[in-house]
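What follows is the content of protein_13.csv (CSV, C-alpha atoms and all ligand atoms).
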chain,number,residue,atom,x,y,z
L,1,LEU,CA,5.5,9.1,-26.0
L,2,ARG,CA,4.6,10.9,-22.8
L,3,ILE,CA,3.1,8.9,-19.9
L,4,LEU,CA,1.6,10.7,-17.0
L,5,CYS,CA,2.1,8.8,-13.8
L,6,VAL,CA,-0.1,9.5,-10.8
L,7,VAL,CA,0.6,9.1,-7.1
L,8,GLY,CA,-1.6,10.3,-4.2
L,9,ALA,CA,-1.2,8.4,-1.0
L,10,ARG,CA,1.7,6.6,0.7
L,11,PRO,CA,1.2,3.1,-0.7
L,12,ASN,CA,1.5,4.6,-4.2
L,13,PHE,CA,4.9,6.0,-3.8
L,14,MET,CA,6.9,2.8,-3.5
L,15,LYS,CA,4.9,1.3,-6.4
L,16,MET,CA,5.7,4.2,-8.7
L,17,ALA,CA,9.5,4.4,-7.9
L,18,PRO,CA,10.5,1.4,-10.0
L,19,ILE,CA,8.0,2.2,-12.8
L,20,MET,CA,9.5,5.7,-13.2
L,21,GLN,CA,13.0,4.2,-13.3
L,22,ALA,CA,12.0,1.5,-15.9
L,23,PHE,CA,10.5,4.2,-18.2
L,24,ALA,CA,13.7,6.3,-17.8
L,25,ALA,CA,15.7,3.2,-18.8
L,26,LEU,CA,13.9,3.0,-22.1
L,27,GLY,CA,15.6,6.1,-23.4
L,28,PRO,CA,14.4,9.5,-24.7
L,29,ARG,CA,11.6,8.1,-26.8
L,30,VAL,CA,9.6,7.7,-23.7
L,31,GLU,CA,9.0,10.5,-21.2
L,32,ALA,CA,7.4,9.7,-17.9
L,33,GLN,CA,6.0,12.7,-15.9
L,34,LEU,CA,4.8,12.5,-12.3
L,35,VAL,CA,1.7,14.1,-10.8
L,36,HIS,CA,1.3,14.0,-7.1
L,37,THR,CA,-2.3,14.7,-6.1
L,38,GLY,CA,-1.4,15.6,-2.5
L,39,GLN,CA,-3.9,13.2,-1.0
L,40,HIS,CA,-1.2,12.5,1.6
L,41,TYR,CA,0.7,15.7,2.4
L,42,ASP,CA,2.4,15.2,5.8
L,43,VAL,CA,6.2,15.3,5.7
L,44,ALA,CA,6.1,12.1,7.8
L,45,MET,CA,3.8,10.5,5.3
L,46,ASN,CA,5.4,11.5,2.1
L,47,HIS,CA,8.4,13.7,1.7
L,48,GLN,CA,10.6,11.0,3.4
L,49,TYR,CA,9.1,8.5,1.0
L,50,PHE,CA,10.1,10.4,-2.1
L,51,GLN,CA,13.6,11.0,-0.8
L,52,ALA,CA,14.2,7.4,0.4
L,53,LEU,CA,12.9,5.9,-2.8
L,54,GLY,CA,14.7,8.1,-5.2
L,55,ILE,CA,11.5,9.2,-6.9
L,56,PRO,CA,12.0,12.4,-8.9
L,57,ASP,CA,10.2,15.5,-7.6
L,58,PRO,CA,6.6,15.6,-9.0
L,59,ASP,CA,6.2,17.7,-12.1
L,60,VAL,CA,2.8,18.8,-10.8
L,61,ASN,CA,1.5,18.8,-7.2
L,62,LEU,CA,-2.3,19.2,-7.0
L,63,GLU,CA,-2.3,19.7,-3.2
L,64,VAL,CA,-5.8,18.3,-2.6
L,65,GLY,CA,-5.3,17.2,1.0
L,66,SER,CA,-7.9,15.5,3.2
L,67,GLY,CA,-11.7,15.5,3.0
L,68,SER,CA,-14.7,13.2,2.8
L,69,HIS,CA,-14.4,10.6,0.0
L,70,ALA,CA,-16.6,12.6,-2.3
L,71,GLN,CA,-14.8,15.9,-1.6
L,72,GLN,CA,-11.4,14.4,-1.9
L,73,THR,CA,-12.2,12.5,-5.1
L,74,ALA,CA,-14.0,15.5,-6.7
L,75,GLU,CA,-11.1,17.8,-5.8
L,76,VAL,CA,-8.6,15.5,-7.4
L,77,MET,CA,-10.7,15.4,-10.5
L,78,ARG,CA,-11.2,19.1,-10.6
L,79,ARG,CA,-7.5,19.9,-10.3
L,80,PHE,CA,-6.3,17.0,-12.5
L,81,GLU,CA,-8.3,18.0,-15.5
L,82,PRO,CA,-6.3,21.2,-16.4
L,83,ALA,CA,-3.0,19.4,-15.7
L,84,LEU,CA,-4.0,16.7,-18.1
L,85,ASP,CA,-5.0,19.2,-20.8
L,86,ASP,CA,-1.7,21.0,-20.2
L,87,LEU,CA,0.6,18.0,-20.4
L,88,ALA,CA,-1.4,16.2,-23.1
L,89,PRO,CA,0.1,12.7,-22.5
L,90,SER,CA,-0.3,9.6,-24.6
L,91,ALA,CA,-1.6,7.7,-21.6
L,92,VAL,CA,-2.2,8.1,-17.8
L,93,LEU,CA,-0.8,5.4,-15.5
L,94,VAL,CA,-2.3,4.9,-12.1
L,95,VAL,CA,-1.4,2.4,-9.4
L,96,GLY,CA,-3.3,0.7,-6.5
L,97,ASP,CA,-6.7,1.6,-5.2
L,98,VAL,CA,-6.7,5.0,-3.4
L,99,ASN,CA,-9.1,7.8,-4.1
L,100,SER,CA,-6.5,9.5,-6.3
L,101,THR,CA,-6.4,6.4,-8.5
L,102,ILE,CA,-10.1,6.3,-9.4
L,103,ALA,CA,-10.3,10.1,-9.7
L,104,CYS,CA,-7.5,10.5,-12.2
L,105,ALA,CA,-8.5,7.4,-14.2
L,106,LEU,CA,-12.1,8.8,-14.5
L,107,VAL,CA,-10.8,12.2,-15.8
L,108,ALA,CA,-8.5,10.6,-18.3
L,109,ALA,CA,-11.1,8.1,-19.6
L,110,LYS,CA,-13.7,10.8,-20.2
L,111,LYS,CA,-11.1,12.7,-22.2
L,112,GLY,CA,-10.3,9.7,-24.3
L,113,VAL,CA,-6.8,9.4,-22.9
L,114,PRO,CA,-5.8,5.7,-22.4
L,115,VAL,CA,-5.7,4.6,-18.8
L,116,ILE,CA,-3.1,2.1,-17.6
L,117,HIS,CA,-3.7,0.4,-14.2
L,118,VAL,CA,-0.9,-1.2,-12.3
L,119,GLU,CA,-2.1,-3.7,-9.6
L,120,ALA,CA,-5.4,-4.4,-11.4
L,121,GLY,CA,-7.8,-7.2,-10.6
L,122,LEU,CA,-7.4,-7.5,-6.9
L,123,ARG,CA,-10.8,-8.1,-5.2
L,124,SER,CA,-11.8,-8.4,-1.6
L,125,PHE,CA,-15.5,-8.7,-2.7
L,126,ASP,CA,-16.3,-6.4,0.2
L,127,ARG,CA,-17.9,-3.2,-1.0
L,128,ALA,CA,-17.8,-1.8,2.5
L,129,MET,CA,-14.2,-1.2,1.8
L,130,PRO,CA,-13.7,2.1,-0.1
L,131,GLU,CA,-10.7,0.7,-1.9
L,132,GLU,CA,-12.8,-2.1,-3.4
L,133,ILE,CA,-15.0,0.4,-5.1
L,134,ASN,CA,-12.0,2.2,-6.4
L,135,ARG,CA,-10.5,-1.0,-7.7
L,136,VAL,CA,-13.6,-2.2,-9.6
L,137,LEU,CA,-14.2,1.2,-11.2
L,138,THR,CA,-10.6,1.9,-12.1
L,139,ASP,CA,-10.4,-1.5,-13.8
L,140,GLN,CA,-13.5,-0.8,-15.9
L,141,LEU,CA,-12.0,2.4,-17.1
L,142,SER,CA,-8.6,1.0,-17.9
L,143,ASP,CA,-7.2,0.1,-21.4
L,144,LEU,CA,-4.2,-1.8,-20.2
L,145,LEU,CA,-4.3,-3.8,-16.9
L,146,PHE,CA,-1.3,-5.2,-15.1
L,147,THR,CA,-1.8,-7.9,-12.4
L,148,THR,CA,0.4,-9.0,-9.5
L,149,GLU,CA,-1.1,-12.5,-9.2
L,150,GLU,CA,-3.1,-14.7,-11.5
L,151,SER,CA,-6.3,-14.4,-9.4
L,152,GLY,CA,-6.5,-10.9,-10.8
L,153,ARG,CA,-7.1,-12.2,-14.4
L,154,ALA,CA,-9.9,-14.4,-13.3
L,155,ASN,CA,-11.6,-11.6,-11.5
L,156,LEU,CA,-11.2,-9.2,-14.4
L,157,LEU,CA,-12.5,-11.7,-17.0
L,158,LYS,CA,-15.7,-12.2,-14.8
L,159,GLU,CA,-16.2,-8.5,-15.0
L,160,GLY,CA,-16.1,-8.5,-18.8
L,161,ILE,CA,-12.6,-7.2,-19.3
L,162,ALA,CA,-11.0,-8.5,-22.5
L,163,ASP,CA,-8.2,-11.0,-21.9
L,164,GLU,CA,-5.8,-9.3,-24.3
L,165,ARG,CA,-5.8,-6.1,-22.1
L,166,ILE,CA,-4.6,-8.1,-19.1
L,167,HIS,CA,-0.9,-8.7,-18.4
L,168,PHE,CA,0.4,-10.7,-15.5
L,169,VAL,CA,3.7,-9.0,-14.7
L,170,GLY,CA,4.4,-9.5,-11.0
L,171,ASN,CA,4.6,-7.0,-8.2
L,172,VAL,CA,6.2,-3.6,-8.5
L,173,MET,CA,6.1,-3.1,-4.8
L,174,ILE,CA,8.3,-6.1,-4.4
L,175,ASP,CA,10.7,-4.6,-7.0
L,176,THR,CA,11.1,-1.7,-4.6
L,177,LEU,CA,11.5,-4.0,-1.6
L,178,ARG,CA,14.2,-6.1,-3.2
L,179,LEU,CA,16.1,-3.0,-4.3
L,180,ASN,CA,16.0,-1.4,-0.9
L,181,LEU,CA,16.4,-4.4,1.4
L,182,PRO,CA,20.2,-3.8,1.9
L,183,ARG,CA,19.4,-0.3,3.2
L,184,ALA,CA,16.6,-1.3,5.6
L,185,VAL,CA,17.1,0.4,9.0
L,186,PRO,CA,17.5,-2.2,11.8
L,187,ALA,CA,14.7,-2.4,14.3
L,188,ALA,CA,17.2,-2.1,17.2
L,189,ARG,CA,18.3,1.3,15.9
L,190,ILE,CA,14.7,2.5,15.5
L,191,ALA,CA,14.0,1.5,19.1
L,192,ALA,CA,17.2,3.1,20.4
L,193,ASP,CA,16.4,6.4,18.5
L,194,ALA,CA,13.0,6.4,20.2
L,195,GLY,CA,14.7,6.2,23.6
L,196,ARG,CA,14.0,2.5,24.1
L,197,ARG,CA,17.4,0.8,23.6
L,198,GLY,CA,17.2,-2.9,24.0
L,199,PHE,CA,13.5,-3.1,23.3
L,200,THR,CA,13.9,-5.5,20.4
L,201,ASP,CA,16.7,-7.7,21.9
L,202,GLY,CA,14.5,-10.7,22.7
L,203,GLY,CA,12.4,-10.5,19.5
L,204,TYR,CA,9.5,-8.3,18.8
L,205,SER,CA,6.3,-8.0,16.8
L,206,VAL,CA,4.9,-5.2,14.7
L,207,LEU,CA,1.3,-3.8,14.5
L,208,THR,CA,-0.2,-1.4,11.9
L,209,LEU,CA,-3.8,-0.3,11.8
L,210,HIS,CA,-5.6,2.2,9.6
L,211,ARG,CA,-8.6,0.7,7.9
L,212,PRO,CA,-11.8,2.7,8.7
L,213,SER,CA,-13.5,-0.6,9.6
L,214,ASN,CA,-10.9,-1.1,12.4
L,215,VAL,CA,-10.1,2.4,13.7
L,216,ASP,CA,-13.3,4.5,13.2
L,217,ASP,CA,-15.6,2.5,15.5
L,218,PRO,CA,-14.7,3.0,19.2
L,219,ALA,CA,-15.7,-0.5,20.3
L,220,VAL,CA,-13.8,-2.2,17.5
L,221,LEU,CA,-10.7,-0.1,18.1
L,222,ARG,CA,-10.8,-0.6,21.8
L,223,ARG,CA,-11.0,-4.4,21.4
L,224,LEU,CA,-8.1,-4.4,18.9
L,225,LEU,CA,-5.9,-2.2,21.2
L,226,GLU,CA,-6.8,-4.5,24.2
L,227,THR,CA,-5.7,-7.4,22.1
L,228,ALA,CA,-2.5,-5.5,21.3
L,229,VAL,CA,-1.8,-5.2,25.0
L,230,ARG,CA,-2.2,-9.0,25.4
L,231,ILE,CA,0.1,-9.6,22.4
L,232,SER,CA,2.7,-7.4,23.9
L,233,GLU,CA,2.7,-9.5,27.0
L,234,ARG,CA,3.8,-12.4,24.9
L,235,VAL,CA,6.2,-10.6,22.6
L,236,PRO,CA,7.1,-6.9,22.8
L,237,LEU,CA,5.1,-4.9,20.3
L,238,ILE,CA,6.2,-2.0,18.0
L,239,PHE,CA,3.2,0.1,16.8
L,240,PRO,CA,3.9,2.8,14.2
L,241,VAL,CA,0.6,4.8,14.3
L,242,HIS,CA,-1.0,6.1,11.1
L,243,PRO,CA,-2.3,9.7,11.4
L,244,ARG,CA,-5.9,8.6,11.0
L,245,THR,CA,-5.5,6.0,13.8
L,246,ARG,CA,-3.6,8.5,16.0
L,247,ALA,CA,-6.6,10.9,15.7
L,248,THR,CA,-9.2,8.3,16.7
L,249,ILE,CA,-7.1,6.8,19.5
L,250,GLU,CA,-6.9,10.3,21.0
L,251,ARG,CA,-10.5,11.2,20.3
L,252,PHE,CA,-11.7,8.0,22.1
L,253,GLY,CA,-9.3,8.5,25.0
L,254,LEU,CA,-7.5,5.2,24.4
L,255,LEU,CA,-4.0,6.4,24.5
L,256,PRO,CA,-3.4,5.4,28.3
L,257,LEU,CA,-4.2,1.8,27.4
L,258,LEU,CA,-1.1,1.6,25.3
L,259,ASP,CA,1.3,3.2,27.9
L,260,ARG,CA,3.3,0.1,28.8
L,261,PRO,CA,6.9,-1.0,28.9
L,262,THR,CA,6.0,-3.8,26.4
L,263,ILE,CA,4.6,-1.4,23.7
L,264,LEU,CA,6.6,1.0,21.7
L,265,LEU,CA,4.5,3.6,19.9
L,266,LEU,CA,6.1,5.3,16.9
L,267,PRO,CA,5.1,8.0,14.4
L,268,PRO,CA,4.5,6.8,10.8
L,269,MET,CA,7.7,5.3,9.6
L,270,GLY,CA,9.7,6.0,6.5
L,271,TYR,CA,10.0,3.2,3.9
L,272,LEU,CA,13.4,2.0,5.0
L,273,GLU,CA,12.4,2.0,8.7
L,274,MET,CA,9.3,0.0,8.0
L,275,LEU,CA,11.3,-2.5,5.9
L,276,GLY,CA,13.7,-3.0,8.8
L,277,LEU,CA,10.9,-3.5,11.3
L,278,MET,CA,9.1,-6.1,9.1
L,279,LYS,CA,12.3,-8.0,8.1
L,280,ASP,CA,13.3,-9.2,11.6
L,281,ALA,CA,9.9,-9.3,13.3
L,282,ARG,CA,8.6,-12.6,14.8
L,283,ALA,CA,5.2,-11.6,13.6
L,284,VAL,CA,3.5,-8.7,11.8
L,285,LEU,CA,-0.1,-7.9,12.6
L,286,THR,CA,-1.8,-5.6,10.1
L,287,ASP,CA,-4.9,-4.4,8.2
L,288,SER,CA,-2.8,-3.0,5.3
L,289,GLY,CA,-2.9,-4.6,1.9
L,290,GLY,CA,0.7,-3.9,0.9
L,291,ILE,CA,2.2,-5.3,4.1
L,292,GLN,CA,0.5,-8.6,3.5
L,293,GLU,CA,2.6,-8.8,0.3
L,294,GLU,CA,5.8,-7.4,1.7
L,295,THR,CA,5.8,-9.9,4.6
L,296,THR,CA,5.2,-12.7,2.1
L,297,ALA,CA,8.2,-11.5,0.1
L,298,LEU,CA,10.3,-11.3,3.3
L,299,GLY,CA,9.2,-14.6,4.7
L,300,THR,CA,7.9,-12.9,7.9
L,301,PRO,CA,4.7,-14.4,9.4
L,302,CYS,CA,1.8,-12.0,8.8
L,303,ILE,CA,-1.5,-12.0,10.7
L,304,THR,CA,-4.1,-10.0,8.9
L,305,LEU,CA,-6.6,-8.1,11.1
L,306,ARG,CA,-9.4,-8.2,8.5
L,307,GLU,CA,-12.1,-10.6,7.5
L,308,ASN,CA,-10.9,-11.0,3.9
L,309,THR,CA,-8.0,-10.2,1.6
L,310,GLU,CA,-7.9,-9.0,-2.0
L,311,ARG,CA,-4.4,-10.6,-2.2
L,312,PRO,CA,-5.2,-14.3,-1.8
L,313,ILE,CA,-1.8,-15.5,-3.0
L,314,THR,CA,-0.3,-14.2,0.2
L,315,VAL,CA,-2.5,-16.8,2.0
L,316,ASP,CA,-2.2,-19.6,-0.6
L,317,GLU,CA,1.5,-19.4,-1.1
L,318,GLY,CA,2.8,-16.8,1.3
L,319,THR,CA,3.1,-16.3,5.1
L,320,ASN,CA,-0.3,-14.6,5.6
L,321,THR,CA,-3.1,-15.8,7.8
L,322,ILE,CA,-6.5,-14.0,7.9
L,323,ALA,CA,-7.5,-13.6,11.6
L,324,GLY,CA,-10.2,-10.9,11.5
L,325,SER,CA,-10.7,-8.8,14.6
L,326,ASP,CA,-11.7,-11.5,17.1
L,327,PRO,CA,-9.2,-11.4,20.0
L,328,ALA,CA,-9.3,-15.2,20.6
L,329,THR,CA,-8.5,-15.9,16.9
L,330,ILE,CA,-5.7,-13.4,16.7
L,331,LEU,CA,-4.1,-14.7,19.9
L,332,ALA,CA,-4.4,-18.3,18.7
L,333,VAL,CA,-2.7,-17.5,15.4
L,334,LEU,CA,0.0,-15.6,17.2
L,335,GLY,CA,0.5,-18.5,19.5
L,336,ASP,CA,1.1,-20.8,16.6
L,337,VAL,CA,3.5,-18.4,15.0
L,338,LEU,CA,5.5,-17.9,18.2
L,339,ALA,CA,5.6,-21.7,18.7
L,340,GLY,CA,7.2,-22.0,15.3
L,341,ARG,CA,4.1,-23.5,13.8
L,342,GLY,CA,3.6,-20.5,11.4
L,343,LYS,CA,3.4,-20.9,7.7
L,344,ALA,CA,6.8,-21.1,5.9
L,345,GLY,CA,5.5,-19.7,2.7
L,346,ARG,CA,7.2,-19.2,-0.6
L,347,VAL,CA,7.7,-16.1,-2.8
L,348,PRO,CA,5.0,-16.0,-5.6
L,349,HIS,CA,5.9,-16.2,-9.3
L,350,PHE,CA,7.2,-13.0,-10.8
L,351,TRP,CA,7.7,-11.3,-7.5
L,352,ASP,CA,11.3,-11.1,-8.6
L,353,GLY,CA,12.2,-7.4,-8.8
L,354,ARG,CA,11.6,-7.1,-12.5
L,355,ALA,CA,7.8,-6.3,-12.7
L,356,ALA,CA,8.4,-2.6,-13.6
L,357,GLU,CA,10.7,-3.6,-16.5
L,358,ARG,CA,8.0,-5.8,-17.9
L,359,ILE,CA,5.4,-3.1,-17.5
L,360,ALA,CA,7.5,-0.4,-19.2
L,361,ALA,CA,8.3,-2.7,-22.2
L,362,ILE,CA,4.6,-3.7,-22.7
L,363,VAL,CA,3.4,0.0,-22.4
L,364,ARG,CA,6.0,1.2,-24.9
L,365,ASP,CA,5.1,-1.5,-27.5
L,366,TRP,CA,1.3,-0.9,-26.9
L,367,LEU,CA,1.6,2.8,-27.4
L,368,GLU,CA,3.8,2.4,-30.4
L,369,ARG,CA,1.3,0.0,-32.0
L,370,ARG,CA,-1.5,2.6,-31.4
L,371,GLY,CA,0.6,5.1,-33.3
K,401,LIG,C1,-5.5,6.2,2.3
K,401,LIG,C2,-6.1,5.2,1.3
K,401,LIG,C3,-5.9,3.8,1.8
K,401,LIG,C4,-4.4,3.5,2.0
K,401,LIG,C5,-3.9,4.6,3.0
K,401,LIG,C6,-2.5,4.4,3.3
K,401,LIG,C7,-8.2,5.9,0.2
K,401,LIG,C8,-9.7,5.7,0.1
K,401,LIG,N1,-7.6,5.4,1.2
K,401,LIG,O1,-6.2,6.0,3.5
K,401,LIG,O2,-6.3,2.9,0.8
K,401,LIG,O3,-4.2,2.2,2.5
K,401,LIG,O4,-4.2,5.9,2.5
K,401,LIG,O5,-2.0,5.3,4.2
K,401,LIG,O6,-7.7,6.5,-0.7
K,401,LIG,N2,-3.9,12.5,7.3
K,401,LIG,C9,-2.9,13.2,7.8
K,401,LIG,N3,-1.8,13.5,6.9
K,401,LIG,C10,-1.8,13.1,5.7
K,401,LIG,C11,-2.9,12.3,5.1
K,401,LIG,C12,-3.9,12.0,6.0
K,401,LIG,O7,-2.8,13.6,8.9
K,401,LIG,O8,-0.8,13.3,5.0
K,401,LIG,C13,-5.1,12.1,8.1
K,401,LIG,C14,-6.2,13.1,8.1
K,401,LIG,O9,-6.7,13.2,9.3
K,401,LIG,C15,-7.2,12.5,7.1
K,401,LIG,C16,-7.0,11.0,7.4
K,401,LIG,O10,-5.6,10.9,7.8
K,401,LIG,O11,-8.4,12.9,7.3
K,401,LIG,C17,-7.4,10.1,6.3
K,401,LIG,O12,-6.6,10.3,5.2
K,401,LIG,P1,-7.1,9.8,3.7
K,401,LIG,O13,-6.1,10.2,2.7
K,401,LIG,O14,-8.5,10.2,3.5
K,401,LIG,O15,-7.2,8.2,3.9
K,401,LIG,P2,-6.2,7.2,4.6
K,401,LIG,O16,-6.9,6.7,5.8
K,401,LIG,O17,-4.8,7.7,4.8
Do you think you could lay out the structure here as structure tokens?
Ligand code: UD1
Amino acid sequence: LRILCVVGARPNFMKMAPIMQAFAALGPRVEAQLVHTGQHYDVAMNHQYFQALGIPDPDVNLEVGSGSHAQQTAEVMRRFEPALDDLAPSAVLVVGDVNSTIACALVAAKKGVPVIHVEAGLRSFDRAMPEEINRVLTDQLSDLLFTTEESGRANLLKEGIADERIHFVGNVMIDTLRLNLPRAVPAARIAADAGRRGFTDGGYSVLTLHRPSNVDDPAVLRRLLETAVRISERVPLIFPVHPRTRATIERFGLLPLLDRPTILLLPPMGYLEMLGLMKDARAVLTDSGGIQEETTALGTPCITLRENTERPITVDEGTNTIAGSDPATILAVLGDVLAGRGKAGRVPHFWDGRAAERIAAIVRDWLERRG
């Protein structure tokens, strides 16, 4: 049984690491091969990730790079098709919701190759978010759907997906988190390496921003960065800047705003560095999906700078609060967190480090039954 596993962008890498390991642990009957579409190509964005996570080198790299959504998705499809013909797998496994996910799922489905989607059923119900479109369509194309929280099953059933295709297995990203936590790089060391020794001594917060809805509009971005300055006056702020965000901050001339002793700007972090930053932060402010889940698993308060979340369990059970992009709301939620009135939260069911094991066993049995 050959399973072709696809990664494209940064948040895919940590999800695929435990899945590849779990397939390997099943023995020689199952062969998992890795395709990297090259959607993310920077060394800072990806080589480090592969190394730190112990992911094998990709068997194929499609090197698609950046482009408009249509260009990027089309280019992945165009280049993935011959790779799929060549490798002739029993199934294609995709994770998450990036453009590479939908592109490869669509190519496989049209060729009659079964599609397996890990992290299925998450819905923000906000079609302005490109990932939402990728999620809905990928799930429609999938034969086997693995969910991280039970809300996923309800969403999928409403969209007409048969119940027996859906398996609640937990969260592979949390498998990776638990495995790597002992190796997390302490925030104090990251600050010292950046020439700001002592920056974290009295506690610190962390900010990440990269959603187009937050960073592509100059007025919205300026308001968020001005809020970041006000946050930093209450608790020093570490801000690892995504390449997309770096480009727009520079284009809109907003960099001087952030030049303060209470703000530490960093390049995109490796996985173990980001883990260390999140673990000991007094608060994490983010528009990322994955970070909402990672902070819930770590018990670190998370303030989500979006109007909605596709991961409601992080709010219902975890440490997450949805604050949107309104400065007064963000600062009020932060005030509560700093005053010790934040949510305690608990770790959701099946976020126990064994999700990939469950997935590998179900995939093997399913493929064997199909013959
Ligand atoms: C992509 C995913 C998003 C995910 C995010 C995590 C889609 C639709 N979006 O967004 O869901 O949360 O990755 O990082 O798939 N760039 C670089 N180096 C790189 C990659 C990108 O400099 O290695 C810059 C380029 O200027 C590029 C821009 O970032 O144009 C956007 O990259 P892209 O892959 O289109 O989307 P992300 O914003 O990274």
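The coordinates place atom CA of Arg311 of chain L at 22.3 Å from atom CA of Ala332 of chain L.
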What are the nearest atom pairs, with distances in Å to one decimal, for all residues of chain L that come at most 9 Å from ligand LIG 401 (chain K), using only C-alpha atoms and all ligand atoms, set out by chain and rising residue number as a Markdown table?
| residue | atom | partner | partner_atom | distance |
| --- | --- | --- | --- | --- |
| L:Gly8 | CA | K:LIG401 | O6 | 8.0 |
| L:Ala9 | CA | K:LIG401 | O4 | 5.2 |
| L:Arg10 | CA | K:LIG401 | O5 | 5.3 |
| L:Pro11 | CA | K:LIG401 | C6 | 5.6 |
| L:Asn12 | CA | K:LIG401 | C6 | 8.5 |
| L:Gly38 | CA | K:LIG401 | O8 | 7.9 |
| L:Gln39 | CA | K:LIG401 | O13 | 5.2 |
| L:His40 | CA | K:LIG401 | O8 | 3.5 |
| L:Tyr41 | CA | K:LIG401 | O8 | 3.8 |
| L:Asp42 | CA | K:LIG401 | O8 | 3.8 |
| L:Val43 | CA | K:LIG401 | O8 | 7.3 |
| L:Ala44 | CA | K:LIG401 | O8 | 7.5 |
| L:Met45 | CA | K:LIG401 | O8 | 5.4 |
| L:Asn46 | CA | K:LIG401 | O8 | 7.1 |
| L:Gly65 | CA | K:LIG401 | C11 | 6.8 |
| L:Ser66 | CA | K:LIG401 | O11 | 4.9 |
| L:Gly67 | CA | K:LIG401 | O11 | 6.0 |
| L:Ser68 | CA | K:LIG401 | O14 | 6.9 |
| L:His69 | CA | K:LIG401 | C8 | 6.8 |
| L:Gln72 | CA | K:LIG401 | O14 | 7.4 |
| L:Thr73 | CA | K:LIG401 | O6 | 8.7 |
| L:Gly96 | CA | K:LIG401 | O2 | 8.2 |
| L:Asp97 | CA | K:LIG401 | O2 | 6.2 |
| L:Val98 | CA | K:LIG401 | O6 | 3.2 |
| L:Asn99 | CA | K:LIG401 | O6 | 3.9 |
| L:Ser100 | CA | K:LIG401 | O6 | 6.5 |
| L:Thr101 | CA | K:LIG401 | O6 | 7.9 |
| L:Met129 | CA | K:LIG401 | C8 | 8.4 |
| L:Pro130 | CA | K:LIG401 | C8 | 5.4 |
| L:Glu131 | CA | K:LIG401 | C8 | 5.5 |
| L:Asn134 | CA | K:LIG401 | C8 | 7.7 |
| L:His210 | CA | K:LIG401 | O16 | 6.0 |
| L:Arg211 | CA | K:LIG401 | O16 | 6.6 |
| L:Pro212 | CA | K:LIG401 | O16 | 7.0 |
| L:His242 | CA | K:LIG401 | O5 | 7.0 |
| L:Pro243 | CA | K:LIG401 | O7 | 4.7 |
| L:Arg244 | CA | K:LIG401 | O10 | 4.0 |
| L:Thr245 | CA | K:LIG401 | O10 | 7.7 |
| L:Arg246 | CA | K:LIG401 | O9 | 8.8 |
| L:Ala247 | CA | K:LIG401 | O9 | 6.8 |
| L:Asp287 | CA | K:LIG401 | O3 | 8.7 |
| L:Ser288 | CA | K:LIG401 | O3 | 6.1 |
| L:Gly289 | CA | K:LIG401 | O3 | 6.9 |
| L:Gly290 | CA | K:LIG401 | O3 | 8.0 |
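For the set L:Pro28, L:Pro114, L:Gly170, L:Pro182, the residue with the smallest atom-to-atom gap to Gly276 of chain L is L:Pro182, counting only C-alpha atoms.
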Next on the checklist: Can you pull out the residues contacting Val115 of chain L? Cut-off 8 Å, using only C-alpha atoms, and skip same-chain residues under 4 positions away; I want them as a ChimeraX atom specification.
Outcome noted: /L:91-94,105,108-109,141-144
Checklist entry - Once you count only C-alpha atoms, which residues end up no further than 10 Å from (-1.5, 14.1, -20.6) in the file's frame, shown as a VMD selection string? => result chain L and resid 2 to 5 33 80 to 92 108 111 113 to 114
Item to check | Option closest in space to Ala128 of chain L, from L:Glu307, L:Val172, L:Gly27, L:Glu226 [counting all atoms listed in the file] | outcome: L:Glu307
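For the residues L:Ala355, L:Ile362, L:Leu34, L:Leu207, ranking by smallest atom-to-atom distance to Leu285 of chain L using only C-alpha atoms places L:Leu207 first.
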What are the nearest atom pairs, with distances in Å to one decimal, for all residues of segment 204-223 of chain L that come at most 12 Å from segment 264-270 of chain L, using only C-alpha atoms, set out by chain and rising residue number as CSV?
residue,atom,partner,partner_atom,distance
L:Tyr204,CA,L:Leu264,CA,10.2
L:Ser205,CA,L:Leu264,CA,10.3
L:Val206,CA,L:Leu264,CA,9.5
L:Leu207,CA,L:Leu265,CA,9.7
L:Thr208,CA,L:Pro268,CA,9.5
L:Leu209,CA,L:Pro268,CA,11.0
L:His210,CA,L:Pro268,CA,11.2
Write the residues of the selection above to a file with C-alpha atoms, as a compact mmCIF listing (two decimals), in the frame of the given file.
# COMPACT_ATOMS: atom_id res chain seq x y z
CA TYR L 204 9.50 -8.30 18.80
CA SER L 205 6.30 -8.00 16.80
CA VAL L 206 4.90 -5.20 14.70
CA LEU L 207 1.30 -3.80 14.50
CA THR L 208 -0.20 -1.40 11.90
CA LEU L 209 -3.80 -0.30 11.80
CA HIS L 210 -5.60 2.20 9.60
